[in-house]
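**Student:** Please read through the structure below; I'll follow up with questions.
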Amino acid sequence: MGVKYQGVQWNGNKVVYDLYMLVALALFMGVFMTIGMTVHPSGHQADAVVLLIRALGCAAFLMLTVVLTIGPLARMNPRFLPFLYNRRHLGVMTFLVAAAHFGLTVLWYHSSGPLNPFVSLLVSNPLYASVEGFPFEAFGLAAFAILFVMAATSHDFWLKTLSASVWKVLHMLVYVAYGLLVLHIAYGALMTEKSAVYVALVIAALAIVAGLHVVTGVREWSRDSGMKGLHAPDGWIDVCAPEDIPDKRAVTAPLPKGDRVAVFRDGAKIYAVENACRHQNGPLGEGCIKDGVITCPWHGWQYRPQDGVSPPPYEERIATHDVRLSSLGRVFVRVKKNPLGKEGAFIDVGGAAS
Amino acid sequence: MSLNKGVIPAERDDDLFIGWAKAPAIDRRFLFSAAPLLLGATTGLGWLVAKNLSDPGAGKWDTTATHVIEGALSAKPYPMIRVADPSAPFGMRTVLVVAQGKCTSGLDLAAKEGIPVKASGALIERNGRQMLEVPFSLDKWLEPVFIDMPGVVADPPEERLGRFALAGRIMDSKCFFGVMRPGRGKTHKACAALCIRGGVPPSFWARDGKGRESVLLMTDAAGGPLGEDILPLVADPVSADGEIVRVGDLLQFRADADAYRRV
Amino acid sequence: MSIETAEMIWMAVGGYLGLGALFAFYFVLRGVDGLDHAAKGAGAPFRLLLFPGAAALWPILLLRMLATPKGSAR
């Protein structure tokens, strides 16, 4: 980005988002603590610290579950794009809640004993060689480490410094963290608590997250396979007819080597650019042309369709692809990208496609 | 041939949500109806999860009042004070003594064995079984007193009740008696093992088929304190053959660590 | 896991993060400006947010800094 970094780039939408997030968290914690303290007869009251540890753990798992459903939901229905826009804050908040859970656990269960609390965390539940007795603490600790690295690298500085591909791999570890958390719960809470409700809730969370990812994956795969076999031997592919592209919107097509190209129409002009946003590899082809520039649906990053360069003061660049209209009136896209910053050949269909 | 036209149906020409811009009307309508649903669902989940938590059991830890007892001090096999109580079944009560935190072995009571004392601390109590939580430094809670010690307190009779096979769980008495509620199960295993490592006396929590429970103080086969060999078995369902011995009003379960089997 | 193993693990983690924290102090105050020109003149909140990541990923940042000649920040 060609402008100075800020800590958090606040705007009205993010403030509203964060307020809702905090209200939801406060409601969850408040109801959990109130019910937890009063549900059992007097003399059998739960201890507030143990209850708080549990409430924080449940909240963190719930929040991570929500974080993981937002991506696929936003790809299925654009009404979920607002949830995606500030997902980063939800992720960082998830880490902070997990950190409170971790800190209280170390303090309450592992400190003021004969061992260093962190040593106790690793040795007091010692059955590492056992399948059913494996210490759930280890799973939670590993998941926490992943959440820490993700939260610590959530600023856009890291995306640029680590490179988009390294950053992406790092943040895909969230799925590993989620799996570890499921194990943490299965080996801890689910082996302690008797109610089948907990088993049902964890299975439901896992099924929702996995189900949404499978559904979006299958949709994408079937769309792509509908577009297969289009490339001509001369290095161009037949994508669609000009009228197949809605105005200000795009058609995306898979390229032979696995990347995608987004073919945008802005009135009578048709342009092609690579589909991945420089920011977080957002799907540009699912975005739109707003004020004459391609706008990513995820965080609103923008690129001029002519040369793929962000309008000033920003300096991001994506590659363009050349497009041409075939003699049969089809839109062909050259498979090879243009060098960054180079204007691509475009189609002007005049009044023909409008 | 199917086309990937993004997610926007072509017939709708309203704007996409762009984070830094004002949200389009269709998104605002959606969010206004989704927000109460999401907040409601979050609240409902909090209620559902908390509602189904299992009963932590009886037990209390009263840190607001100072509880004072007088009786005979013993450090064998674990720190305890035997208090004369004519109304109790055996004419006395045994009150276990633990230090604050998880390091009871730091209490140096060897020199005070058998002497009459007055002790003050926080009372921990579960189903009539009492425990006193005290600071590390002896002069803060312990003073010698000159009172008559009936024989049942000074030298309580031992009654050998025979050998039994018991099934149950090994608990750290302090958390189990009321410091942590719930102080049991796998989520509490590490804490229990740490407490027992630190010298908190282990209790055997045996339950029969009718739900009746007995809580027995665990010692090795010779009646001495158990060592660290027991730690991996803490909190898990186990069974063991051992001897039950009544010392005063307190039932001891005497079995070496290697007598315990995971169930 | 033995107590010795656990102590070694935490000593390694602590040593790594301790070195990282030292590096992070330098990095957020000075080093980052040489690595990324968008950081020049950026305020305290940005630098504070960078600290945990710099302490955790310091070997990567150190290599990047060594590979970036003076004055060629992106």
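Chain labels A, B, ... are given in the sequence in which chains occur in the structure tokens; within each chain residues are numbered consecutively from 1, and ligands are likewise numbered from 1 in the order shown.
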Would you mind listing, for every residue of chain A within 6 Å of chain B, the two atoms forming the shortest contact and the distance between them in Å to one decimal, using only C-alpha atoms, sorted by chain and ascending residue number, as JSON lines?

**Tutor:**
{"residue": "A:Ala24", "atom": "CA", "partner": "B:Leu39", "partner_atom": "CA", "distance": 5.5}
{"residue": "A:Leu27", "atom": "CA", "partner": "B:Thr43", "partner_atom": "CA", "distance": 5.7}
{"residue": "A:Phe28", "atom": "CA", "partner": "B:Gly46", "partner_atom": "CA", "distance": 4.9}
{"residue": "A:Val31", "atom": "CA", "partner": "B:Gly46", "partner_atom": "CA", "distance": 5.7}
{"residue": "A:Phe32", "atom": "CA", "partner": "B:Gly46", "partner_atom": "CA", "distance": 4.8}
{"residue": "A:Ile35", "atom": "CA", "partner": "B:Ala50", "partner_atom": "CA", "distance": 5.8}
{"residue": "A:Gly36", "atom": "CA", "partner": "B:Ala50", "partner_atom": "CA", "distance": 5.0}
{"residue": "A:Gly43", "atom": "CA", "partner": "B:Ala58", "partner_atom": "CA", "distance": 5.7}
{"residue": "A:His44", "atom": "CA", "partner": "B:Ala58", "partner_atom": "CA", "distance": 4.7}
{"residue": "A:Ala46", "atom": "CA", "partner": "B:Arg181", "partner_atom": "CA", "distance": 4.9}
{"residue": "A:Asp47", "atom": "CA", "partner": "B:Arg181", "partner_atom": "CA", "distance": 4.9}
{"residue": "A:Arg79", "atom": "CA", "partner": "B:Asp27", "partner_atom": "CA", "distance": 5.8}
{"residue": "A:Tyr85", "atom": "CA", "partner": "B:Gly19", "partner_atom": "CA", "distance": 5.9}
{"residue": "A:Tyr109", "atom": "CA", "partner": "B:Cys191", "partner_atom": "CA", "distance": 4.8}
{"residue": "A:Ser112", "atom": "CA", "partner": "B:Gly101", "partner_atom": "CA", "distance": 5.2}
{"residue": "A:Gly113", "atom": "CA", "partner": "B:Lys102", "partner_atom": "CA", "distance": 4.3}
{"residue": "A:Pro114", "atom": "CA", "partner": "B:Gly198", "partner_atom": "CA", "distance": 5.3}
{"residue": "A:Ser124", "atom": "CA", "partner": "B:Ala190", "partner_atom": "CA", "distance": 4.5}
{"residue": "A:Asn125", "atom": "CA", "partner": "B:Ala190", "partner_atom": "CA", "distance": 4.7}
{"residue": "A:Gly188", "atom": "CA", "partner": "B:Thr187", "partner_atom": "CA", "distance": 5.3}
{"residue": "A:Thr192", "atom": "CA", "partner": "B:Gly185", "partner_atom": "CA", "distance": 4.9}
{"residue": "A:Gly226", "atom": "CA", "partner": "B:Ser2", "partner_atom": "CA", "distance": 5.5}
{"residue": "A:Pro246", "atom": "CA", "partner": "B:Ala10", "partner_atom": "CA", "distance": 5.7}
{"residue": "A:Ala250", "atom": "CA", "partner": "B:Lys5", "partner_atom": "CA", "distance": 5.8}
{"residue": "A:Val251", "atom": "CA", "partner": "B:Lys5", "partner_atom": "CA", "distance": 4.5}
{"residue": "A:Thr252", "atom": "CA", "partner": "B:Asn4", "partner_atom": "CA", "distance": 5.4}
{"residue": "A:Gly285", "atom": "CA", "partner": "B:Gly6", "partner_atom": "CA", "distance": 5.9}
{"residue": "A:Glu286", "atom": "CA", "partner": "B:Gly6", "partner_atom": "CA", "distance": 4.1}
{"residue": "A:His299", "atom": "CA", "partner": "B:Gly19", "partner_atom": "CA", "distance": 5.8}
{"residue": "A:Gly300", "atom": "CA", "partner": "B:Ile18", "partner_atom": "CA", "distance": 5.3}

**Student:** At most 12 Å is the cut-off: for each residue in chain C with any atom that close to an atom of chain A, write down the nearest atom pair and the distance in Å rounded to one decimal, counting only C-alpha atoms, chain first then increasing number, as a tab-separated table.

**Tutor:**
residue	atom	partner	partner_atom	distance
C:Met1	CA	A:Val123	CA	5.7
C:Ser2	CA	A:Val123	CA	6.6
C:Ile3	CA	A:Val123	CA	6.4
C:Glu4	CA	A:Val119	CA	8.9
C:Thr5	CA	A:Val119	CA	9.0
C:Ala6	CA	A:Val119	CA	5.4
C:Glu7	CA	A:Val119	CA	6.1
C:Met8	CA	A:Val119	CA	9.4
C:Ile9	CA	A:Val119	CA	8.9
C:Trp10	CA	A:Val119	CA	7.4
C:Met11	CA	A:Val119	CA	10.2
C:Val13	CA	A:Ala145	CA	11.2
C:Gly14	CA	A:Phe118	CA	11.0
C:Val28	CA	A:Phe157	CA	11.7
C:Val32	CA	A:Phe157	CA	9.7
C:Asp33	CA	A:Lys4	CA	10.8
C:Gly34	CA	A:Thr161	CA	11.9
C:Leu35	CA	A:Thr161	CA	8.2
C:Asp36	CA	A:Thr161	CA	7.8
C:His37	CA	A:Lys4	CA	8.1
C:Ala38	CA	A:Lys4	CA	4.6
C:Ala39	CA	A:Tyr5	CA	5.6
C:Lys40	CA	A:Lys4	CA	7.0
C:Gly41	CA	A:Lys4	CA	7.1
C:Ala42	CA	A:Tyr5	CA	5.6
C:Gly43	CA	A:Gln6	CA	6.7
C:Ala44	CA	A:Gly7	CA	7.7
C:Pro45	CA	A:Gly7	CA	4.7
C:Phe46	CA	A:Gly7	CA	3.7
C:Arg47	CA	A:Gly7	CA	7.4
C:Leu48	CA	A:Gly7	CA	7.9
C:Leu49	CA	A:Gly7	CA	6.5
C:Leu50	CA	A:Ala152	CA	7.2
C:Phe51	CA	A:Ala152	CA	8.1
C:Pro52	CA	A:Ala152	CA	5.6
C:Gly53	CA	A:Ala152	CA	4.5
C:Ala54	CA	A:Ala152	CA	8.2
C:Ala55	CA	A:Ala152	CA	9.3
C:Ala56	CA	A:Val149	CA	7.2
C:Leu57	CA	A:Val149	CA	8.4
C:Trp58	CA	A:Leu162	CA	11.5
C:Pro59	CA	A:Leu162	CA	11.7
C:Ile60	CA	A:Leu162	CA	8.1
C:Leu61	CA	A:Thr161	CA	8.2
C:Leu62	CA	A:Thr161	CA	11.5
C:Leu63	CA	A:Leu162	CA	11.1
C:Arg64	CA	A:Thr161	CA	8.3
C:Met65	CA	A:Thr161	CA	10.4
C:Thr68	CA	A:Thr161	CA	11.5
C:Ala73	CA	A:Thr161	CA	10.7
C:Arg74	CA	A:Thr161	CA	9.2

**Student:** Could you work out how far atom CA of Met218 of chain B lies from atom CA of Phe204 of chain B, giving the answer in Å with one decimal?

**Tutor:**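 Between these atoms lies a distance of 6.1 Å.
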
**Student:** To one decimal in Å, tell me the separation between atom CA of Asp291 of chain A and atom CA of Val309 of chain A.

**Tutor:** 14.6 Å

**Student:** Residues of segment 85-262 of chain A classed as helix (DSSP H, G or I) by DSSP on the backbone are to be reported as number ranges by chain.

**Tutor:** A: 85, 87-110, 117-123, 136-152, 156-162, 164-187, 189-192, 196-226, 242-244

**Student:** Atom CA of Arg93 of chain B and atom CA of Glu125 of chain B, how far apart in Å?

**Tutor:**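 Answer for the atom CA of Glu125 of chain B to atom CA of Arg93 of chain B separation: 12.5 Å.
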
**Student:** Gly57 of chain A: which residues within 7 Å, counting only C-alpha atoms, same-chain residues fewer than 4 positions away excluded, as a list in words?

**Tutor:** Ile53, Phe61, Ala98 and His101 of chain A

**Student:** From the DSSP assignment of the backbone, select every residue of segment 7-223 of chain B that is strand (DSSP E), and format the answer as a PyMOL selection string.

**Tutor:** chain B and resi 60-74+80-84+92-99+116-126+129-134+142-144+158-172+202-207+213-219
